[in-house]
file upload_38.txt (compact mmCIF, C-alpha atoms)
# COMPACT_ATOMS: atom_id res chain seq x y z
CA MET Y 1 0.00 0.00 0.00
CA ARG Y 2 1.01 3.61 -0.52
CA ALA Y 3 0.41 6.32 2.08
CA TRP Y 4 1.12 10.00 2.66
CA ALA Y 5 2.22 10.33 6.28
CA VAL Y 6 3.16 12.88 8.92
CA VAL Y 7 6.72 11.95 9.86
CA GLU Y 8 7.48 15.20 11.71
CA THR Y 9 4.77 17.56 12.95
CA GLY Y 10 4.35 20.68 10.87
CA GLN Y 11 6.58 19.36 8.10
CA PRO Y 12 5.49 18.19 4.63
CA LEU Y 13 3.87 14.78 4.38
CA GLN Y 14 6.08 12.01 3.09
CA GLU Y 15 5.05 9.35 0.60
CA LYS Y 16 5.55 5.85 2.01
CA ASP Y 17 5.26 2.33 0.64
CA TRP Y 18 4.25 -0.15 3.34
CA PRO Y 19 2.99 -3.76 3.32
CA THR Y 20 -0.75 -3.91 2.73
CA PRO Y 21 -2.40 -5.06 6.01
CA GLU Y 22 -4.12 -8.44 6.12
CA PRO Y 23 -7.35 -8.34 8.13
CA LYS Y 24 -7.57 -10.63 11.15
CA GLY Y 25 -10.56 -11.50 13.34
CA ALA Y 26 -13.41 -9.07 12.63
CA GLU Y 27 -11.20 -6.59 10.78
CA VAL Y 28 -12.00 -5.30 7.30
CA LEU Y 29 -9.55 -3.93 4.77
CA VAL Y 30 -10.98 -1.03 2.77
CA GLU Y 31 -9.48 0.22 -0.49
CA VAL Y 32 -9.76 3.99 -0.19
CA THR Y 33 -11.43 5.76 -3.10
CA HIS Y 34 -12.04 9.12 -1.39
CA CYS Y 35 -10.79 10.82 1.78
CA GLY Y 36 -11.81 14.27 2.97
CA VAL Y 37 -9.28 16.82 4.19
CA CYS Y 38 -10.73 18.14 7.44
CA HIS Y 39 -9.76 21.30 9.34
CA SER Y 40 -8.96 19.06 12.32
CA ASP Y 41 -6.19 17.55 10.22
CA LEU Y 42 -4.36 20.87 10.51
CA HIS Y 43 -4.22 20.54 14.31
CA ILE Y 44 -3.12 16.91 14.05
CA TRP Y 45 -0.48 17.85 11.46
CA GLU Y 46 0.77 20.66 13.72
CA GLY Y 47 0.78 18.31 16.71
CA GLY Y 48 -1.69 19.89 19.12
CA TYR Y 49 -4.30 22.43 20.17
CA ASP Y 50 -4.09 25.90 21.74
CA LEU Y 51 -5.49 25.86 25.30
CA GLY Y 52 -4.93 29.56 25.99
CA SER Y 53 -3.38 30.22 29.40
CA ARG Y 54 -3.31 26.46 30.04
CA GLY Y 55 -0.74 25.95 27.34
CA ARG Y 56 -0.95 23.46 24.53
CA LEU Y 57 -2.59 20.05 24.23
CA SER Y 58 -0.02 17.76 22.65
CA MET Y 59 -1.37 15.05 20.36
CA GLN Y 60 1.65 12.88 21.06
CA ASP Y 61 1.02 13.14 24.82
CA ARG Y 62 -2.50 11.87 24.06
CA GLY Y 63 -1.14 8.80 22.31
CA MET Y 64 -0.59 9.86 18.71
CA THR Y 65 2.50 8.19 17.27
CA LEU Y 66 4.49 9.05 14.17
CA PRO Y 67 4.66 8.31 11.33
CA LEU Y 68 0.91 8.89 11.10
CA VAL Y 69 -1.36 8.60 8.10
CA MET Y 70 -4.07 11.19 8.66
CA GLY Y 71 -7.53 11.13 7.11
CA HIS Y 72 -10.74 10.26 8.97
CA GLU Y 73 -13.35 11.01 6.28
CA ILE Y 74 -13.10 7.83 4.26
CA ALA Y 75 -15.16 6.18 1.56
CA GLY Y 76 -14.02 3.11 -0.31
CA ARG Y 77 -14.57 -0.47 -1.37
CA VAL Y 78 -14.18 -3.55 0.79
CA ALA Y 79 -10.97 -5.24 -0.36
CA ALA Y 80 -10.69 -8.12 2.14
CA VAL Y 81 -12.38 -9.33 5.32
CA GLY Y 82 -11.14 -11.14 8.39
CA PRO Y 83 -12.48 -14.63 9.21
CA GLU Y 84 -14.79 -13.29 11.95
CA ALA Y 85 -16.16 -10.30 10.02
CA THR Y 86 -19.90 -10.49 9.37
CA GLY Y 87 -22.44 -8.53 7.35
CA VAL Y 88 -19.95 -7.31 4.75
CA ALA Y 89 -18.71 -8.58 1.40
CA VAL Y 90 -15.73 -7.82 -0.80
CA GLY Y 91 -16.50 -5.12 -3.36
CA GLU Y 92 -19.17 -3.29 -1.35
CA ALA Y 93 -18.96 0.51 -1.23
CA LYS Y 94 -18.80 1.82 2.33
CA VAL Y 95 -18.29 4.95 4.41
CA VAL Y 96 -16.01 4.38 7.40
CA PHE Y 97 -17.02 5.55 10.89
CA PRO Y 98 -13.63 6.64 12.29
CA TRP Y 99 -14.37 7.70 15.91
CA ILE Y 100 -13.71 4.29 17.41
CA GLY Y 101 -13.58 3.79 21.17
CA CYS Y 102 -12.39 0.96 23.37
CA GLY Y 103 -15.32 -1.30 22.44
CA ARG Y 104 -15.89 -2.40 26.04
CA CYS Y 105 -17.40 0.53 27.99
CA GLU Y 106 -21.03 1.65 28.34
CA ALA Y 107 -20.61 4.43 25.76
CA CYS Y 108 -19.29 2.00 23.15
CA ALA Y 109 -22.10 -0.45 23.97
CA ARG Y 110 -24.54 2.38 23.09
CA GLU Y 111 -22.60 2.92 19.82
CA GLU Y 112 -21.46 6.30 21.17
CA ASP Y 113 -17.77 5.56 20.69
CA ASN Y 114 -17.12 9.29 20.29
CA THR Y 115 -17.79 9.74 24.04
CA CYS Y 116 -15.71 6.73 25.13
CA PRO Y 117 -13.72 7.70 28.28
CA ASN Y 118 -10.87 5.31 27.50
CA PRO Y 119 -7.94 5.82 25.12
CA PRO Y 120 -9.47 6.21 21.65
CA ARG Y 121 -8.67 4.22 18.52
CA THR Y 122 -9.69 6.92 16.07
CA ILE Y 123 -8.80 6.20 12.46
CA GLY Y 124 -6.55 8.92 11.08
CA ILE Y 125 -5.44 10.07 14.53
CA TYR Y 126 -4.53 7.07 16.67
CA ARG Y 127 -4.73 4.47 13.89
CA GLN Y 128 -3.48 4.84 10.34
CA GLY Y 129 -6.03 6.69 8.25
CA GLY Y 130 -7.27 7.42 4.77
CA TYR Y 131 -4.49 9.44 3.11
CA ALA Y 132 -3.55 6.06 1.66
CA THR Y 133 -4.56 3.41 -0.82
CA HIS Y 134 -5.90 1.16 1.98
CA VAL Y 135 -7.15 1.46 5.55
CA LEU Y 136 -7.73 -1.29 8.11
CA VAL Y 137 -11.04 -1.01 10.02
CA PRO Y 138 -11.26 -2.98 13.31
CA ASP Y 139 -14.83 -4.23 12.81
CA ALA Y 140 -17.41 -4.36 10.02
CA LYS Y 141 -19.94 -2.60 12.28
CA TYR Y 142 -18.06 0.65 11.62
CA LEU Y 143 -18.93 0.51 7.91
CA VAL Y 144 -22.07 2.18 6.55
CA PRO Y 145 -23.34 1.54 3.00
CA VAL Y 146 -22.78 4.32 0.47
CA ASP Y 147 -26.13 3.38 -1.16
CA GLY Y 148 -25.68 5.41 -4.33
CA VAL Y 149 -24.59 8.64 -2.63
CA ASP Y 150 -21.66 10.37 -4.36
CA PRO Y 151 -18.71 8.81 -2.48
CA ALA Y 152 -16.75 12.09 -2.50
CA VAL Y 153 -19.61 13.73 -0.59
CA ALA Y 154 -20.37 10.65 1.51
CA ALA Y 155 -16.80 10.64 2.81
CA THR Y 156 -17.33 14.08 4.39
CA TYR Y 157 -20.37 12.82 6.29
CA ALA Y 158 -18.08 10.70 8.51
CA CYS Y 159 -16.89 13.91 10.19
CA SER Y 160 -18.45 17.18 9.08
CA GLY Y 161 -21.85 15.55 8.49
CA ILE Y 162 -22.12 13.80 11.84
CA THR Y 163 -20.49 16.71 13.67
CA VAL Y 164 -23.18 19.16 12.64
CA HIS Y 165 -25.96 16.56 13.01
CA ALA Y 166 -24.92 15.87 16.61
CA ALA Y 167 -24.58 19.60 17.39
CA ILE Y 168 -28.03 20.38 15.99
CA ARG Y 169 -29.56 17.56 18.04
CA LYS Y 170 -28.17 19.22 21.18
CA LEU Y 171 -30.33 22.29 20.51
CA GLY Y 172 -33.42 20.23 21.36
CA GLU Y 173 -36.86 21.05 19.99
CA LEU Y 174 -36.55 24.43 18.28
CA PRO Y 175 -39.38 25.85 16.16
CA PRO Y 176 -38.29 25.93 12.50
CA ASP Y 177 -38.73 29.70 12.23
CA ARG Y 178 -36.60 30.57 15.28
CA PRO Y 179 -33.12 31.63 14.15
CA VAL Y 180 -30.12 29.36 14.54
CA VAL Y 181 -26.79 31.18 14.31
CA LEU Y 182 -23.85 29.36 12.71
CA VAL Y 183 -20.43 30.86 13.38
CA GLY Y 184 -18.14 29.95 10.50
CA ALA Y 185 -19.06 29.44 6.85
CA GLY Y 186 -16.32 27.02 5.89
CA GLY Y 187 -16.83 23.32 5.28
CA LEU Y 188 -18.56 22.72 8.61
CA GLY Y 189 -20.69 25.84 8.28
CA LEU Y 190 -21.97 24.84 4.85
CA SER Y 191 -22.61 21.31 6.13
CA ALA Y 192 -24.63 22.76 8.99
CA ILE Y 193 -26.74 24.88 6.64
CA HIS Y 194 -27.57 21.86 4.49
CA MET Y 195 -28.30 19.76 7.58
CA LEU Y 196 -30.62 22.33 9.16
CA ARG Y 197 -32.53 22.65 5.90
CA ALA Y 198 -32.76 18.85 5.58
CA LEU Y 199 -34.22 18.75 9.10
CA GLY Y 200 -36.84 21.35 8.19
CA HIS Y 201 -35.30 24.50 9.67
CA ARG Y 202 -36.08 27.80 7.94
CA ARG Y 203 -34.11 30.56 9.76
CA ILE Y 204 -30.34 30.23 9.46
CA VAL Y 205 -27.94 33.08 10.25
CA SER Y 206 -24.38 32.55 9.00
CA VAL Y 207 -21.45 34.51 10.47
CA ASP Y 208 -17.97 34.71 8.95
CA VAL Y 209 -15.11 37.15 8.35
CA SER Y 210 -15.01 36.26 4.64
CA ALA Y 211 -17.49 37.85 2.24
CA GLU Y 212 -16.73 35.07 -0.26
CA LYS Y 213 -17.65 32.37 2.25
CA LEU Y 214 -20.83 34.23 3.21
CA GLU Y 215 -21.80 34.27 -0.46
CA ALA Y 216 -21.40 30.47 -0.46
CA ALA Y 217 -23.50 30.33 2.71
CA ARG Y 218 -26.32 32.27 1.04
CA ALA Y 219 -26.14 29.97 -1.96
CA ALA Y 220 -26.40 26.99 0.43
CA GLY Y 221 -29.54 28.39 2.04
CA ALA Y 222 -28.60 30.82 4.82
CA THR Y 223 -31.43 33.31 5.24
CA GLU Y 224 -29.30 36.01 6.88
CA THR Y 225 -25.55 36.62 6.92
CA VAL Y 226 -23.28 38.65 9.19
CA LEU Y 227 -19.81 39.79 8.19
CA GLY Y 228 -17.75 39.60 11.36
CA GLY Y 229 -14.83 41.88 12.16
CA GLN Y 230 -12.24 42.80 14.73
CA ASP Y 231 -14.82 44.43 17.01
CA GLY Y 232 -16.58 41.60 18.86
CA ALA Y 233 -19.22 43.90 20.33
CA GLU Y 234 -20.14 45.10 16.86
CA THR Y 235 -20.39 41.51 15.64
CA THR Y 236 -22.69 40.69 18.58
CA ARG Y 237 -24.95 43.62 17.69
CA ALA Y 238 -25.06 42.53 14.05
CA ILE Y 239 -26.04 38.98 15.06
CA VAL Y 240 -28.82 40.27 17.34
CA ALA Y 241 -30.09 42.51 14.53
CA ALA Y 242 -30.05 39.63 12.04
CA CYS Y 243 -32.02 37.46 14.48
CA GLY Y 244 -34.53 40.20 15.25
CA GLY Y 245 -33.50 39.99 18.92
CA PRO Y 246 -31.10 38.03 21.12
CA ALA Y 247 -30.21 34.66 19.64
CA PRO Y 248 -31.95 31.56 21.00
CA ALA Y 249 -29.28 29.20 19.62
CA VAL Y 250 -25.71 29.52 18.39
CA ILE Y 251 -23.48 26.76 17.04
CA ASP Y 252 -19.87 27.95 17.07
CA LEU Y 253 -18.06 25.98 14.39
CA VAL Y 254 -14.86 28.00 14.89
CA ASN Y 255 -14.80 28.15 18.71
CA GLY Y 256 -11.87 30.47 19.24
CA SER Y 257 -11.52 33.04 22.00
CA ALA Y 258 -13.12 35.83 19.93
CA THR Y 259 -15.99 33.82 18.46
CA ALA Y 260 -16.94 32.24 21.79
CA ARG Y 261 -17.10 35.70 23.34
CA PHE Y 262 -19.37 37.35 20.76
CA ALA Y 263 -21.49 34.21 20.45
CA PHE Y 264 -22.07 34.13 24.21
CA ASP Y 265 -22.91 37.84 24.28
CA ALA Y 266 -25.51 37.38 21.52
CA LEU Y 267 -27.54 34.79 23.46
CA GLY Y 268 -30.98 35.60 24.79
CA LYS Y 269 -32.66 34.18 27.90
CA GLY Y 270 -32.62 30.40 27.85
CA GLY Y 271 -30.22 30.48 24.90
CA LYS Y 272 -27.81 27.68 24.02
CA LEU Y 273 -24.27 27.93 22.72
CA ILE Y 274 -23.00 24.66 21.25
CA GLN Y 275 -19.22 24.73 20.96
CA VAL Y 276 -17.90 22.57 18.13
CA GLY Y 277 -14.78 24.07 16.58
CA LEU Y 278 -11.24 23.46 17.77
CA PHE Y 279 -9.63 26.76 16.79
CA GLY Y 280 -8.34 27.17 20.32
CA GLY Y 281 -7.88 29.70 23.09
CA GLU Y 282 -10.09 30.45 26.06
CA VAL Y 283 -12.80 32.85 27.18
CA THR Y 284 -13.77 34.52 30.46
CA LEU Y 285 -17.51 34.67 31.13
CA PRO Y 286 -19.56 36.75 33.60
CA LEU Y 287 -20.98 34.05 35.88
CA PRO Y 288 -24.05 35.98 37.14
CA ILE Y 289 -25.18 36.41 33.53
CA MET Y 290 -25.09 32.62 33.12
CA ALA Y 291 -27.66 32.27 35.88
CA ILE Y 292 -29.73 35.39 35.17
CA ARG Y 293 -30.20 34.42 31.53
CA ALA Y 294 -30.37 30.65 32.22
CA LEU Y 295 -27.82 30.06 29.49
CA THR Y 296 -26.40 26.73 28.37
CA LEU Y 297 -22.88 26.21 27.04
CA GLN Y 298 -22.25 22.71 25.75
CA GLY Y 299 -19.40 21.12 23.89
CA SER Y 300 -20.09 18.73 21.04
CA TYR Y 301 -17.44 16.33 19.75
CA VAL Y 302 -18.07 14.81 16.31
CA GLY Y 303 -20.96 12.29 16.38
CA SER Y 304 -22.01 8.70 16.89
CA LEU Y 305 -22.42 5.74 14.58
CA ALA Y 306 -26.17 6.38 14.78
CA ASP Y 307 -25.54 9.95 13.58
CA LEU Y 308 -23.68 8.61 10.55
CA ARG Y 309 -26.52 6.22 9.71
CA ALA Y 310 -29.03 9.07 10.08
CA VAL Y 311 -27.02 11.45 7.89
CA MET Y 312 -26.55 8.82 5.20
CA GLY Y 313 -30.28 8.12 5.40
CA LEU Y 314 -31.07 11.80 4.76
CA ALA Y 315 -28.66 11.85 1.83
CA LYS Y 316 -30.03 8.65 0.32
CA ALA Y 317 -33.59 10.02 0.59
CA GLY Y 318 -32.54 13.15 -1.32
CA LYS Y 319 -33.25 15.45 1.64
CA LEU Y 320 -29.64 16.52 2.16
CA ALA Y 321 -28.24 18.77 -0.54
CA PRO Y 322 -24.67 17.78 -1.38
CA LEU Y 323 -21.83 19.98 -0.23
CA PRO Y 324 -19.73 21.86 -2.78
CA VAL Y 325 -16.86 19.38 -2.97
CA ALA Y 326 -13.73 19.68 -5.06
CA THR Y 327 -11.49 16.65 -5.51
CA ALA Y 328 -7.73 16.37 -5.82
CA PRO Y 329 -5.47 13.38 -6.46
CA MET Y 330 -4.24 11.66 -3.30
CA PRO Y 331 -0.57 12.59 -3.95
CA GLU Y 332 -1.58 16.27 -3.63
CA ALA Y 333 -2.53 15.83 0.05
CA ASN Y 334 0.20 18.15 1.27
CA ALA Y 335 -0.74 20.94 -1.14
CA VAL Y 336 -4.39 20.68 -0.09
CA LEU Y 337 -3.43 20.93 3.58
CA GLU Y 338 -1.43 24.07 2.85
CA ARG Y 339 -4.37 25.64 0.99
CA LEU Y 340 -6.67 24.83 3.90
CA ARG Y 341 -4.17 26.28 6.39
CA ASP Y 342 -3.96 29.49 4.34
CA GLY Y 343 -7.76 29.90 4.23
CA LYS Y 344 -7.94 29.31 0.48
CA VAL Y 345 -10.57 26.56 0.55
CA THR Y 346 -14.30 27.30 0.21
CA GLY Y 347 -16.44 24.23 0.85
CA ARG Y 348 -14.53 20.96 1.05
CA VAL Y 349 -11.64 19.29 -0.75
CA VAL Y 350 -11.66 15.49 -0.94
CA LEU Y 351 -8.67 13.45 -1.99
CA ARG Y 352 -9.40 10.75 -4.56
CA ALA Y 353 -7.59 7.60 -5.50
CA GLU Y 354 -5.89 8.01 -8.84
CA ALA Y 355 -8.08 5.24 -10.26
CA ALA Y 356 -11.33 6.66 -8.81

call {"tool": "encode", "arguments": {"input": "upload_38.txt", "output": "structure tokens"}}
result
Amino acid sequence: MRAWAVVETGQPLQEKDWPTPEPKGAEVLVEVTHCGVCHSDLHIWEGGYDLGSRGRLSMQDRGMTLPLVMGHEIAGRVAAVGPEATGVAVGEAKVVFPWIGCGRCEACAREEDNTCPNPPRTIGIYRQGGYATHVLVPDAKYLVPVDGVDPAVAATYACSGITVHAAIRKLGELPPDRPVVLVGAGGLGLSAIHMLRALGHRRIVSVDVSAEKLEAARAAGATETVLGGQDGAETTRAIVAACGGPAPAVIDLVNGSATARFAFDALGKGGKLIQVGLFGGEVTLPLPIMAIRALTLQGSYVGSLADLRAVMGLAKAGKLAPLPVATAPMPEANAVLERLRDGKVTGRVVLRAEAA
């Protein structure tokens, strides 16, 4: 197999030729046809996350080992199965659920591996991932049928799709005409717009610092847009004006110090701020306001296997408009990462196998 791996954090990926794995037990070998390049890959590539005054979260301290093949948004064909694998056959087109837990705890028993409290086995972070010709999946249960969905788009559902689906579910029952604010109009932001519309929501306010990305958000179905700036208080006022009053719900898909601050300040009584992005930093909040306004701040980390099945179900039924996806040959993985780092990607870029 051929792979494009992080050998040293922050340095260009290196092309590697390794023996193709042979599946054992319940394992399944998937020939990768498409693999999304996710913003999280930038943090993994750089080796950690900014924790503000608490320093830096090191991926290697968390168990990441190099060389690492990144890539956790994977679609492909089953190439081989282990002797104990069930419910899967060679040649089937599948999307890979990458957020794999220990397999033994209560969370994993509920198929909520993404909340597993034990050391994770995430594909593309703690196991070799999809920037490669093949990927080894520990169990067939982590494979979801593509079912005729464009595999380049389906690959993105394994992260961006389930991430926004899980975040939206955390808002609870919200009338379709009450505004939901989405901070960030990149790949996740556009995914969230499509997902809200698929779920029947009609008021979507998109916030970004890029006029070009806001144009893409309007094309995707945002009903109002806000061009953010250096002045957080001004951005808060613009969000409140776009909502016609304080915001009942904000999903922060950037989740940096500045965005968390203006998103919090825009909330109305009983409002919810769902924090998704991993941009980094920290924020200081006025605690009495939390109580007086009965506000909720909740983190949301990717999604569950059930979320992936639900998202693929929406796509298969034609309810989920496909993301604007551009593809690039797998050997261009490093160049795509650099474009993403430099803010030159609108929508999503998915790597494709040269034969795909």

call {"tool": "closest_atom_pairs", "arguments": {"input": "upload_38.txt", "of": "range 209-283 of chain Y", "to": "range 168-191 of chain Y", "cutoff": "8 Å", "atoms": "only C-alpha atoms", "output": "tab-separated table"}}
result
residue	atom	partner	partner_atom	distance
Y:Lys213	CA	Y:Ala185	CA	5.6
Y:Leu214	CA	Y:Ala185	CA	6.3
Y:Ala216	CA	Y:Ala185	CA	7.7
Y:Ala217	CA	Y:Leu190	CA	6.1
Y:Ala220	CA	Y:Leu190	CA	6.6
Y:Ile239	CA	Y:Val181	CA	7.9
Y:Cys243	CA	Y:Pro179	CA	5.9
Y:Ala247	CA	Y:Pro179	CA	6.9
Y:Pro248	CA	Y:Pro179	CA	6.9
Y:Ala249	CA	Y:Val180	CA	5.2
Y:Val250	CA	Y:Val181	CA	4.5
Y:Ile251	CA	Y:Leu182	CA	5.1
Y:Asp252	CA	Y:Val183	CA	4.7
Y:Leu253	CA	Y:Val183	CA	5.5
Y:Val254	CA	Y:Gly184	CA	5.8
Y:Thr259	CA	Y:Val183	CA	7.4
Y:Ala263	CA	Y:Val183	CA	7.9
Y:Lys272	CA	Y:Leu171	CA	6.9
Y:Ile274	CA	Y:Lys170	CA	7.5

call {"tool": "atom_distance", "arguments": {"input": "upload_38.txt", "atom1": "CA of Ala140 in chain Y", "atom2": "CA of Glu354 in chain Y"}}
result
25.3 Å

call {"tool": "residues_around", "arguments": {"input": "upload_38.txt", "residues": "Gln11 in chain Y", "least_positions_apart": "5", "cutoff": "10 Å", "atoms": "all atoms listed in the file", "output": "ChimeraX atom specification"}}
result
/Y:6,45-46,334

call {"tool": "closest_atom_pairs", "arguments": {"input": "upload_38.txt", "of": "range 133-217 of chain Y", "to": "range 23-29 of chain Y", "cutoff": "10 Å", "atoms": "only C-alpha atoms", "output": "CSV"}}
result
residue,atom,partner,partner_atom,distance
Y:His134,CA,Y:Leu29,CA,6.9
Y:Val135,CA,Y:Leu29,CA,6.0
Y:Leu136,CA,Y:Leu29,CA,4.6
Y:Val137,CA,Y:Val28,CA,5.2
Y:Pro138,CA,Y:Glu27,CA,4.4
Y:Asp139,CA,Y:Glu27,CA,4.8
Y:Ala140,CA,Y:Val28,CA,6.1
Y:Lys141,CA,Y:Ala26,CA,9.2
Y:Tyr142,CA,Y:Val28,CA,9.5
Y:Leu143,CA,Y:Val28,CA,9.1

call {"tool": "atom_distance", "arguments": {"input": "upload_38.txt", "atom1": "CA of Gly76 in chain Y", "atom2": "CA of Gly148 in chain Y"}}
result
12.5 Å

call {"tool": "residues_around", "arguments": {"input": "upload_38.txt", "residues": "range 291-308 of chain Y", "least_positions_apart": "3", "cutoff": "8 Å", "atoms": "all atoms listed in the file", "output": "PyMOL selection string"}}
result
chain Y and resi 97+99+111-115+142+144+157-167+267-276+287-288+311-312

call {"tool": "decode", "arguments": {"input": "upload_38.txt", "residues": "range 18-80 of chain Y", "atoms": "C-alpha atoms", "output": "PDB file, in the first residue's frame"}}
result
ATOM      1  CA  TRP Y  18       4.251  -0.154   3.343  1.00  0.00           C
ATOM      2  CA  PRO Y  19       2.994  -3.757   3.317  1.00  0.00           C
ATOM      3  CA  THR Y  20      -0.754  -3.910   2.731  1.00  0.00           C
ATOM      4  CA  PRO Y  21      -2.401  -5.062   6.006  1.00  0.00           C
ATOM      5  CA  GLU Y  22      -4.118  -8.439   6.116  1.00  0.00           C
ATOM      6  CA  PRO Y  23      -7.355  -8.337   8.129  1.00  0.00           C
ATOM      7  CA  LYS Y  24      -7.569 -10.625  11.147  1.00  0.00           C
ATOM      8  CA  GLY Y  25     -10.557 -11.502  13.342  1.00  0.00           C
ATOM      9  CA  ALA Y  26     -13.411  -9.071  12.626  1.00  0.00           C
ATOM     10  CA  GLU Y  27     -11.196  -6.591  10.785  1.00  0.00           C
ATOM     11  CA  VAL Y  28     -12.003  -5.298   7.302  1.00  0.00           C
ATOM     12  CA  LEU Y  29      -9.550  -3.926   4.772  1.00  0.00           C
ATOM     13  CA  VAL Y  30     -10.976  -1.031   2.765  1.00  0.00           C
ATOM     14  CA  GLU Y  31      -9.481   0.217  -0.493  1.00  0.00           C
ATOM     15  CA  VAL Y  32      -9.761   3.990  -0.192  1.00  0.00           C
ATOM     16  CA  THR Y  33     -11.429   5.757  -3.102  1.00  0.00           C
ATOM     17  CA  HIS Y  34     -12.040   9.122  -1.386  1.00  0.00           C
ATOM     18  CA  CYS Y  35     -10.789  10.824   1.779  1.00  0.00           C
ATOM     19  CA  GLY Y  36     -11.814  14.274   2.974  1.00  0.00           C
ATOM     20  CA  VAL Y  37      -9.279  16.820   4.188  1.00  0.00           C
ATOM     21  CA  CYS Y  38     -10.729  18.144   7.439  1.00  0.00           C
ATOM     22  CA  HIS Y  39      -9.757  21.299   9.339  1.00  0.00           C
ATOM     23  CA  SER Y  40      -8.964  19.057  12.320  1.00  0.00           C
ATOM     24  CA  ASP Y  41      -6.189  17.551  10.217  1.00  0.00           C
ATOM     25  CA  LEU Y  42      -4.359  20.875  10.505  1.00  0.00           C
ATOM     26  CA  HIS Y  43      -4.217  20.540  14.312  1.00  0.00           C
ATOM     27  CA  ILE Y  44      -3.124  16.911  14.046  1.00  0.00           C
ATOM     28  CA  TRP Y  45      -0.478  17.853  11.460  1.00  0.00           C
ATOM     29  CA  GLU Y  46       0.765  20.656  13.721  1.00  0.00           C
ATOM     30  CA  GLY Y  47       0.781  18.306  16.709  1.00  0.00           C
ATOM     31  CA  GLY Y  48      -1.689  19.888  19.115  1.00  0.00           C
ATOM     32  CA  TYR Y  49      -4.300  22.435  20.170  1.00  0.00           C
ATOM     33  CA  ASP Y  50      -4.085  25.895  21.737  1.00  0.00           C
ATOM     34  CA  LEU Y  51      -5.492  25.861  25.295  1.00  0.00           C
ATOM     35  CA  GLY Y  52      -4.934  29.557  25.985  1.00  0.00           C
ATOM     36  CA  SER Y  53      -3.377  30.222  29.399  1.00  0.00           C
ATOM     37  CA  ARG Y  54      -3.307  26.457  30.041  1.00  0.00           C
ATOM     38  CA  GLY Y  55      -0.739  25.947  27.343  1.00  0.00           C
ATOM     39  CA  ARG Y  56      -0.952  23.457  24.531  1.00  0.00           C
ATOM     40  CA  LEU Y  57      -2.592  20.052  24.231  1.00  0.00           C
ATOM     41  CA  SER Y  58      -0.022  17.762  22.650  1.00  0.00           C
ATOM     42  CA  MET Y  59      -1.372  15.049  20.362  1.00  0.00           C
ATOM     43  CA  GLN Y  60       1.651  12.875  21.060  1.00  0.00           C
ATOM     44  CA  ASP Y  61       1.016  13.140  24.816  1.00  0.00           C
ATOM     45  CA  ARG Y  62      -2.499  11.869  24.058  1.00  0.00           C
ATOM     46  CA  GLY Y  63      -1.142   8.799  22.312  1.00  0.00           C
ATOM     47  CA  MET Y  64      -0.586   9.860  18.709  1.00  0.00           C
ATOM     48  CA  THR Y  65       2.498   8.185  17.266  1.00  0.00           C
ATOM     49  CA  LEU Y  66       4.492   9.047  14.169  1.00  0.00           C
ATOM     50  CA  PRO Y  67       4.663   8.314  11.334  1.00  0.00           C
ATOM     51  CA  LEU Y  68       0.914   8.888  11.101  1.00  0.00           C
ATOM     52  CA  VAL Y  69      -1.362   8.599   8.096  1.00  0.00           C
ATOM     53  CA  MET Y  70      -4.069  11.190   8.663  1.00  0.00           C
ATOM     54  CA  GLY Y  71      -7.527  11.128   7.111  1.00  0.00           C
ATOM     55  CA  HIS Y  72     -10.736  10.262   8.971  1.00  0.00           C
ATOM     56  CA  GLU Y  73     -13.355  11.015   6.283  1.00  0.00           C
ATOM     57  CA  ILE Y  74     -13.097   7.833   4.260  1.00  0.00           C
ATOM     58  CA  ALA Y  75     -15.156   6.180   1.564  1.00  0.00           C
ATOM     59  CA  GLY Y  76     -14.018   3.111  -0.311  1.00  0.00           C
ATOM     60  CA  ARG Y  77     -14.573  -0.466  -1.368  1.00  0.00           C
ATOM     61  CA  VAL Y  78     -14.178  -3.553   0.794  1.00  0.00           C
ATOM     62  CA  ALA Y  79     -10.971  -5.243  -0.364  1.00  0.00           C
ATOM     63  CA  ALA Y  80     -10.689  -8.119   2.140  1.00  0.00           C
TER      64      ALA Y  80
END
